[in-house]
Amino acid sequence: MKISREAFMFSLLRLGTPVVTRAFVASTPLSRRAFAAITSTSMVSSSATEVASGAATALAENPFLEQDDLPKFSKIEPEYLTPAVETLLEKLEQDFAKLESDLSQKDSPDYEEVLPEVERMQFPLGYTWGVAGHLNGVKNGDELRQAYETNQPKVVQAMTKFSQSKPLYDALSAIEKQWGETKSSEDDFEMQQKRRAVENSLLGMKLGGVGLEGAEKERFNEIKMRLAALATTFSNNVLDTTKDFSLTIEDPAKMEGVPDSAKGLWANAHIQFLKSQAKEGDEDVPEMDAEKGPWRITLDMPSYIPAMSHLKDRELREQVYKAYLQRSSEIHGDKNNVPLIYEILTLRKEMAKLVGFNNYAELSLAKKMAPSVESVEELTDLIAEKAVPAAKKELEEITALAKEQGGEEYANIDKLEPWDVTFWSERLKESKFDMTEEELRPYFALPAVLDGMFGLLNRIFDVTVKSADGEVEVWNKDVRFFKIFDNESGKHIASFFLDPYSRPADKRGGAWMDVCIGKSQAVNRDIPVAYLTCNGSPPVGDQPSLMTFREVETLFHETGHGLQHMLTKASVGDVAGINGIEWDAVELPSQFMENWCYDRPTVYGFAKHWKTGEPLPEEKFQKLCDQKIFNAGMMSCRQLYFGQLDMTLHADYDPIAGEKGEGKTIFDVQREVASKYVPHAMPLEEDRFLCSFSHIFAGGYSAGYYSYKWAEVMSADAFGAFEDVGLDNEEEVKKVGKKFKDTVLSLGGGVPPSEVFKMFRGRDPTPDALLRHNGLA
């Protein structure tokens, strides 16, 4: 089915409510604010002070209960988690029982007596659990993992009581009725926020089972608990199997053509491994030798991508590729995620039916902008119509180069293997643009990139970012801390932690932004704080982190998320920052920020050779811009494939029959979807990508991975506003930047994202800019 531009714009106007980021809280109804994805931490509120002081005698100096400032990372140990959680849960249960009793006796409750009270009540546990969840992602270890998994069911159970509280639901319904169904045009922003907070909470509670009784309610809650545990196990299995693989190469001939940065990274990884295995009294570990090796390749991104891009030996690439693609699959014994996927899909389907939906995709979309499963497929097909033919031509060009330059090994092949495509794609890019990724690295030293990015924020958003290293405690020596100041007032308005480098031993892969402190009038928090986490190339020897351009884009992407959290003007916690924003709009500011990586003033604000200080040569910048649409068809198809695979599994699939062998397996479905969206690059029979698809099985993107493309339409169109006035027109760029800041970055979830976009752009979004940016127009 083909979507018209009018149908697409109409679908963008449909409203929903948000989902949370941590999988186990996905059914908690009171928005991301309520527990801020159970990662929200803040400075202390009055109720938090009471809890901490009340517990002081029994739990003296428990760092999880020291909530009057940022987390005391240097003092936190896994052993403190259980006593802290149990103390806070006891207090929470008492407070909530009293609130329910009070609400039951009131016919006309006031808003201030309900959601703000709930927020203050939940805050202390949210702080503690948020710190634990953050550390579980960036400093994972056996003791913390065990403590986290032990306490997770207790926390889920406590939050379920809020989501299914009839007195709370009735109170919120009464408030909504008092306000009236029709929004007054005179509503100020504060009132808009409150309306949205109540609307979101009511819908969330309906989807969270507040209307269920008896056996159905009991079963619904069992499912929530089980899904929480499954998501954690899924994520742990991916982390463990990623960490378990390594390939050590000792033959220098195998390193022919490999960039110095990759050899240095792999040689350093080998030495660090030897050090980790050394026992007291062992002989000294040898010095690292990037030229002679040995070299240790792992499956974390800074190691994996260079291996696939530069190792000439096909067998080595095949070994690394299959290890990556088969993480947490059947070959890993008790770390196998296949049965977990079937169970997750089965339970999600059952949960959806209990609250009145045909499938989990429908339940998920009830909280998003997209009005239906069909509308998602329509947008997907609209883009695929342009992307699939482009991708086919791109792969044909890559294959032709391999046949021409690859020697006998490639002379007669009909089709490249999956582990060949990245390698020969790099060779094609190098030949087309006469420039290698390695040539660019020296110009993208992390300290300079940060300075340049902060210069951009100053230029278009009128804020100043200043280093505040040493002012707070951090969880790793490489973590940095920054403060953001408003230029007009000079006021400190936000802060963020930056954890930039890969640590495969204890840090999960990928990149993400998380809430540390959320802005909220209810708990007197006015300075939001974010965690920005990347897995970039670490420093090697005496040189700083020299980033790939992809890593630069990733940093800008996560900063975009952080800006929406940190620059919010919303004061109602439920809808401040990223809270209350429909999930398929939440990628707008992050993808918007990536566009600035191709803006001349921005790039020349950081692209300086780390040794000489010389700026990036002009011809290299132009080639960098020209490369933007290189393989854009294949990249678009990949995202469409992932999004539609996710949607199909959650909408049409029968997981019970699939697991029993009486119907399609999950891998059959994968191949069917691939045949439509990546027919040029069909997965291997042994492909087990789904087993590490954490976004949908252990994250917030279940039946929502399409959001990347959905929001990319809006982000490309938003950047088009800057292009319209001319990126070299500094005064006009500043004006448009202020408007973007005052709408997209400031309003949070207090205004529906479709309205926010229209306030910024003056019209509804269209896909024209996205197709143009990707060279597919």
# chains A, B, ... in the order shown; residues from 1 in each chain; ligands from 1
$ residues_around --residues "Val388 of chain A" --least-positions-apart "5" --cutoff "9 Å" --atoms "only C-alpha atoms" --output "PyMOL selection string"
chain A and resi 383+393+633-634+636-637+676-680
$ closest_residue --among "A:Thr422, A:Ser201, A:Ser702, A:Thr150" --to "Leu311 of chain A" --atoms "only C-alpha atoms"
A:Thr422
$ closest_residue --among "A:Met682, A:Ile341, A:Ala147, A:Ala361" --to "Pro83 of chain A" --atoms "only C-alpha atoms"
A:Ala147
$ residues_around --residues "Val756 of chain A" --least-positions-apart "5" --cutoff "8 Å" --atoms "only C-alpha atoms" --output "PyMOL selection string"
chain A and resi 743-744+747+751
$ write_last_selection --atoms "N, CA and C atoms" --output "PDB file, in the first residue's frame"
ATOM      1  N   THR A 743      10.665  25.944  21.177  1.00  0.00           N
ATOM      2  CA  THR A 743       9.568  25.014  20.875  1.00  0.00           C
ATOM      3  C   THR A 743      10.005  23.578  21.141  1.00  0.00           C
ATOM      4  N   VAL A 744      10.755  23.007  20.229  1.00  0.00           N
ATOM      5  CA  VAL A 744      11.114  21.586  20.308  1.00  0.00           C
ATOM      6  C   VAL A 744      11.881  21.262  21.584  1.00  0.00           C
ATOM      7  N   LEU A 747       9.449  22.821  25.263  1.00  0.00           N
ATOM      8  CA  LEU A 747       8.072  22.537  25.666  1.00  0.00           C
ATOM      9  C   LEU A 747       7.873  21.137  26.222  1.00  0.00           C
ATOM     10  N   VAL A 751       3.099  19.957  25.384  1.00  0.00           N
ATOM     11  CA  VAL A 751       2.327  20.236  24.171  1.00  0.00           C
ATOM     12  C   VAL A 751       2.537  19.047  23.241  1.00  0.00           C
TER      13      VAL A 751
END
$ residues_around --residues "Glu471 of chain A" --least-positions-apart "6" --cutoff "12 Å" --atoms "only C-alpha atoms" --output "count of residues only"
9
$ select_by_dssp --residues "segment 410-607 of chain A" --states "alpha helix (DSSP H)" --output "count of residues only"
67
$ atom_distance --atom1 "atom CA of Thr464 of chain A" --atom2 "atom CA of Phe485 of chain A"
5.1 Å
$ closest_residue --among "A:His650, A:Arg525, A:Lys429, A:Lys491" --to "Arg120 of chain A" --atoms "only C-alpha atoms"
A:Arg525
$ closest_residue --among "A:Ser675, A:Asn524, A:Asn487, A:Thr160" --to "Lys224 of chain A" --atoms "only C-alpha atoms"
A:Thr160
$ select_by_dssp --residues "segment 527-709 of chain A" --states "strand (DSSP E or B)" --output "PyMOL selection string"
chain A and resi 529-536+540+543+546+608+615
$ atom_distance --atom1 "atom CA of Asp764 of chain A" --atom2 "atom CA of Asp599 of chain A"
25.0 Å
$ atom_distance --atom1 "atom CA of Tyr443 of chain A" --atom2 "atom CA of Phe423 of chain A"
23.0 Å
$ residues_around --residues "Ala171 of chain A" --least-positions-apart "4" --cutoff "7 Å" --atoms "only C-alpha atoms" --output "PyMOL selection string"
chain A and resi 103+109+167+175
$ write_last_selection --atoms "N, CA and C atoms" --output "compact mmCIF listing (two decimals), in the first residue's frame"
# COMPACT_ATOMS: atom_id res chain seq x y z
N LEU A 103 -7.89 10.04 49.13
CA LEU A 103 -8.55 10.29 47.84
C LEU A 103 -9.94 9.67 47.82
N PRO A 109 -11.19 16.12 44.22
CA PRO A 109 -9.78 16.33 44.59
C PRO A 109 -9.15 17.42 43.74
N PRO A 167 -8.62 4.27 43.40
CA PRO A 167 -8.78 5.63 43.96
C PRO A 167 -7.98 6.68 43.21
N ILE A 175 -10.59 15.06 38.20
CA ILE A 175 -9.86 16.30 37.87
C ILE A 175 -10.07 16.64 36.40
$ closest_atom_pairs --of "segment 575-687 of chain A" --to "segment 184-199 of chain A" --cutoff "9 Å" --atoms "only C-alpha atoms" --output "JSON lines"
{"residue": "A:Val575", "atom": "CA", "partner": "A:Ala197", "partner_atom": "CA", "distance": 6.2}
{"residue": "A:Ala576", "atom": "CA", "partner": "A:Gln193", "partner_atom": "CA", "distance": 8.5}
{"residue": "A:Gly580", "atom": "CA", "partner": "A:Ala197", "partner_atom": "CA", "distance": 7.3}
$ residues_around --residues "Asp652 of chain A" --least-positions-apart "5" --cutoff "12 Å" --atoms "only C-alpha atoms" --output "PDB file with C-alpha atoms, in the first residue's frame"
ATOM      1  CA  LEU A 345       6.327 -12.152  22.262  1.00  0.00           C
ATOM      2  CA  THR A 346       3.789 -14.576  23.725  1.00  0.00           C
ATOM      3  CA  LYS A 349       0.388 -10.598  23.040  1.00  0.00           C
ATOM      4  CA  ASN A 358      -5.826  -7.524  19.229  1.00  0.00           C
ATOM      5  CA  ASN A 359      -2.049  -7.534  19.530  1.00  0.00           C
ATOM      6  CA  TYR A 360       0.848  -5.815  21.260  1.00  0.00           C
ATOM      7  CA  ALA A 361       1.534  -3.495  18.311  1.00  0.00           C
ATOM      8  CA  GLU A 362      -1.905  -1.929  18.771  1.00  0.00           C
ATOM      9  CA  VAL A 373       0.050  -0.503  12.167  1.00  0.00           C
ATOM     10  CA  GLU A 374      -1.030   0.216   8.592  1.00  0.00           C
ATOM     11  CA  GLN A 644       9.044  -3.550   9.912  1.00  0.00           C
ATOM     12  CA  LEU A 645      10.482  -6.753  11.394  1.00  0.00           C
ATOM     13  CA  ASP A 646       9.747  -5.388  14.850  1.00  0.00           C
ATOM     14  CA  MET A 647       6.212  -4.378  13.864  1.00  0.00           C
ATOM     15  CA  LYS A 664       6.653 -19.791  11.089  1.00  0.00           C
ATOM     16  CA  ILE A 666      10.889 -15.925  14.247  1.00  0.00           C
ATOM     17  CA  VAL A 669       9.497 -13.989   9.676  1.00  0.00           C
ATOM     18  CA  ALA A 703       6.609  -2.175  18.259  1.00  0.00           C
TER      19      ALA A 703
END
$ decode --residues "segment 483-496 of chain A" --atoms "all heavy atoms" --output "PDB file, in the first residue's frame"
ATOM      1  N   LYS A 483      28.623  21.717  33.000  1.00  0.00           N
ATOM      2  CA  LYS A 483      27.501  22.558  33.374  1.00  0.00           C
ATOM      3  C   LYS A 483      27.108  23.433  32.189  1.00  0.00           C
ATOM      4  O   LYS A 483      27.963  23.862  31.415  1.00  0.00           O
ATOM      5  CB  LYS A 483      27.860  23.444  34.568  1.00  0.00           C
ATOM      6  CG  LYS A 483      28.068  22.679  35.872  1.00  0.00           C
ATOM      7  CD  LYS A 483      28.394  23.626  37.014  1.00  0.00           C
ATOM      8  CE  LYS A 483      28.504  22.860  38.342  1.00  0.00           C
ATOM      9  NZ  LYS A 483      28.855  23.776  39.478  1.00  0.00           N
ATOM     10  N   ILE A 484      25.810  23.695  32.073  1.00  0.00           N
ATOM     11  CA  ILE A 484      25.289  24.539  31.004  1.00  0.00           C
ATOM     12  C   ILE A 484      24.739  25.826  31.610  1.00  0.00           C
ATOM     13  O   ILE A 484      23.989  25.785  32.592  1.00  0.00           O
ATOM     14  CB  ILE A 484      24.183  23.817  30.206  1.00  0.00           C
ATOM     15  CG1 ILE A 484      24.747  22.544  29.547  1.00  0.00           C
ATOM     16  CG2 ILE A 484      23.585  24.734  29.148  1.00  0.00           C
ATOM     17  CD1 ILE A 484      23.723  21.763  28.744  1.00  0.00           C
ATOM     18  N   PHE A 485      25.125  26.961  31.015  1.00  0.00           N
ATOM     19  CA  PHE A 485      24.704  28.270  31.495  1.00  0.00           C
ATOM     20  C   PHE A 485      23.929  29.004  30.400  1.00  0.00           C
ATOM     21  O   PHE A 485      24.302  28.959  29.221  1.00  0.00           O
ATOM     22  CB  PHE A 485      25.916  29.110  31.914  1.00  0.00           C
ATOM     23  CG  PHE A 485      26.683  28.540  33.066  1.00  0.00           C
ATOM     24  CD1 PHE A 485      27.652  27.555  32.864  1.00  0.00           C
ATOM     25  CD2 PHE A 485      26.444  28.967  34.362  1.00  0.00           C
ATOM     26  CE1 PHE A 485      28.359  27.015  33.926  1.00  0.00           C
ATOM     27  CE2 PHE A 485      27.147  28.430  35.435  1.00  0.00           C
ATOM     28  CZ  PHE A 485      28.108  27.454  35.217  1.00  0.00           C
ATOM     29  N   ASP A 486      22.873  29.688  30.809  1.00  0.00           N
ATOM     30  CA  ASP A 486      22.120  30.538  29.884  1.00  0.00           C
ATOM     31  C   ASP A 486      22.892  31.836  29.669  1.00  0.00           C
ATOM     32  O   ASP A 486      23.259  32.517  30.639  1.00  0.00           O
ATOM     33  CB  ASP A 486      20.741  30.835  30.465  1.00  0.00           C
ATOM     34  CG  ASP A 486      19.947  31.770  29.586  1.00  0.00           C
ATOM     35  OD1 ASP A 486      19.524  31.348  28.500  1.00  0.00           O
ATOM     36  OD2 ASP A 486      19.766  32.943  29.995  1.00  0.00           O
ATOM     37  N   ASN A 487      23.141  32.187  28.419  1.00  0.00           N
ATOM     38  CA  ASN A 487      23.969  33.361  28.137  1.00  0.00           C
ATOM     39  C   ASN A 487      23.313  34.666  28.559  1.00  0.00           C
ATOM     40  O   ASN A 487      23.988  35.593  29.022  1.00  0.00           O
ATOM     41  CB  ASN A 487      24.301  33.421  26.643  1.00  0.00           C
ATOM     42  CG  ASN A 487      25.315  32.381  26.234  1.00  0.00           C
ATOM     43  OD1 ASN A 487      25.963  31.753  27.075  1.00  0.00           O
ATOM     44  ND2 ASN A 487      25.453  32.156  24.933  1.00  0.00           N
ATOM     45  N   GLU A 488      22.004  34.740  28.411  1.00  0.00           N
ATOM     46  CA  GLU A 488      21.321  36.000  28.719  1.00  0.00           C
ATOM     47  C   GLU A 488      21.319  36.295  30.213  1.00  0.00           C
ATOM     48  O   GLU A 488      21.608  37.414  30.644  1.00  0.00           O
ATOM     49  CB  GLU A 488      19.889  35.950  28.189  1.00  0.00           C
ATOM     50  CG  GLU A 488      19.152  37.269  28.332  1.00  0.00           C
ATOM     51  CD  GLU A 488      17.771  37.224  27.695  1.00  0.00           C
ATOM     52  OE1 GLU A 488      17.498  36.290  26.916  1.00  0.00           O
ATOM     53  OE2 GLU A 488      16.961  38.135  27.979  1.00  0.00           O
ATOM     54  N   SER A 489      21.009  35.282  31.012  1.00  0.00           N
ATOM     55  CA  SER A 489      20.921  35.498  32.462  1.00  0.00           C
ATOM     56  C   SER A 489      22.196  35.135  33.198  1.00  0.00           C
ATOM     57  O   SER A 489      22.409  35.567  34.334  1.00  0.00           O
ATOM     58  CB  SER A 489      19.773  34.668  33.031  1.00  0.00           C
ATOM     59  OG  SER A 489      20.054  33.274  32.908  1.00  0.00           O
ATOM     60  N   GLY A 490      23.048  34.331  32.565  1.00  0.00           N
ATOM     61  CA  GLY A 490      24.250  33.839  33.230  1.00  0.00           C
ATOM     62  C   GLY A 490      23.970  32.738  34.225  1.00  0.00           C
ATOM     63  O   GLY A 490      24.872  32.263  34.924  1.00  0.00           O
ATOM     64  N   LYS A 491      22.736  32.268  34.265  1.00  0.00           N
ATOM     65  CA  LYS A 491      22.315  31.275  35.253  1.00  0.00           C
ATOM     66  C   LYS A 491      22.716  29.864  34.849  1.00  0.00           C
ATOM     67  O   LYS A 491      22.654  29.501  33.682  1.00  0.00           O
ATOM     68  CB  LYS A 491      20.798  31.359  35.416  1.00  0.00           C
ATOM     69  CG  LYS A 491      20.220  30.402  36.455  1.00  0.00           C
ATOM     70  CD  LYS A 491      18.695  30.506  36.494  1.00  0.00           C
ATOM     71  CE  LYS A 491      18.105  29.490  37.463  1.00  0.00           C
ATOM     72  NZ  LYS A 491      16.615  29.529  37.463  1.00  0.00           N
ATOM     73  N   HIS A 492      23.140  29.077  35.837  1.00  0.00           N
ATOM     74  CA  HIS A 492      23.397  27.652  35.640  1.00  0.00           C
ATOM     75  C   HIS A 492      22.043  26.954  35.485  1.00  0.00           C
ATOM     76  O   HIS A 492      21.234  26.933  36.412  1.00  0.00           O
ATOM     77  CB  HIS A 492      24.154  27.099  36.846  1.00  0.00           C
ATOM     78  CG  HIS A 492      24.322  25.610  36.851  1.00  0.00           C
ATOM     79  ND1 HIS A 492      24.393  24.881  38.013  1.00  0.00           N
ATOM     80  CD2 HIS A 492      24.430  24.713  35.837  1.00  0.00           C
ATOM     81  CE1 HIS A 492      24.538  23.597  37.715  1.00  0.00           C
ATOM     82  NE2 HIS A 492      24.563  23.474  36.406  1.00  0.00           N
ATOM     83  N   ILE A 493      21.786  26.379  34.288  1.00  0.00           N
ATOM     84  CA  ILE A 493      20.454  25.835  34.028  1.00  0.00           C
ATOM     85  C   ILE A 493      20.415  24.314  33.893  1.00  0.00           C
ATOM     86  O   ILE A 493      19.339  23.718  33.954  1.00  0.00           O
ATOM     87  CB  ILE A 493      19.847  26.460  32.752  1.00  0.00           C
ATOM     88  CG1 ILE A 493      20.763  26.237  31.533  1.00  0.00           C
ATOM     89  CG2 ILE A 493      19.572  27.952  32.969  1.00  0.00           C
ATOM     90  CD1 ILE A 493      20.145  26.665  30.208  1.00  0.00           C
ATOM     91  N   ALA A 494      21.570  23.671  33.706  1.00  0.00           N
ATOM     92  CA  ALA A 494      21.568  22.206  33.539  1.00  0.00           C
ATOM     93  C   ALA A 494      22.995  21.683  33.648  1.00  0.00           C
ATOM     94  O   ALA A 494      23.960  22.451  33.597  1.00  0.00           O
ATOM     95  CB  ALA A 494      20.971  21.812  32.188  1.00  0.00           C
ATOM     96  N   SER A 495      23.117  20.355  33.770  1.00  0.00           N
ATOM     97  CA  SER A 495      24.427  19.700  33.815  1.00  0.00           C
ATOM     98  C   SER A 495      24.323  18.338  33.147  1.00  0.00           C
ATOM     99  O   SER A 495      23.226  17.807  32.957  1.00  0.00           O
ATOM    100  CB  SER A 495      24.902  19.514  35.267  1.00  0.00           C
ATOM    101  OG  SER A 495      24.990  20.745  35.950  1.00  0.00           O
ATOM    102  N   PHE A 496      25.479  17.763  32.819  1.00  0.00           N
ATOM    103  CA  PHE A 496      25.464  16.401  32.287  1.00  0.00           C
ATOM    104  C   PHE A 496      26.789  15.693  32.525  1.00  0.00           C
ATOM    105  O   PHE A 496      27.843  16.312  32.591  1.00  0.00           O
ATOM    106  CB  PHE A 496      25.112  16.371  30.799  1.00  0.00           C
ATOM    107  CG  PHE A 496      26.102  17.045  29.877  1.00  0.00           C
ATOM    108  CD1 PHE A 496      27.111  16.321  29.256  1.00  0.00           C
ATOM    109  CD2 PHE A 496      26.003  18.398  29.614  1.00  0.00           C
ATOM    110  CE1 PHE A 496      28.004  16.938  28.390  1.00  0.00           C
ATOM    111  CE2 PHE A 496      26.883  19.024  28.745  1.00  0.00           C
ATOM    112  CZ  PHE A 496      27.894  18.287  28.136  1.00  0.00           C
TER     113      PHE A 496
END
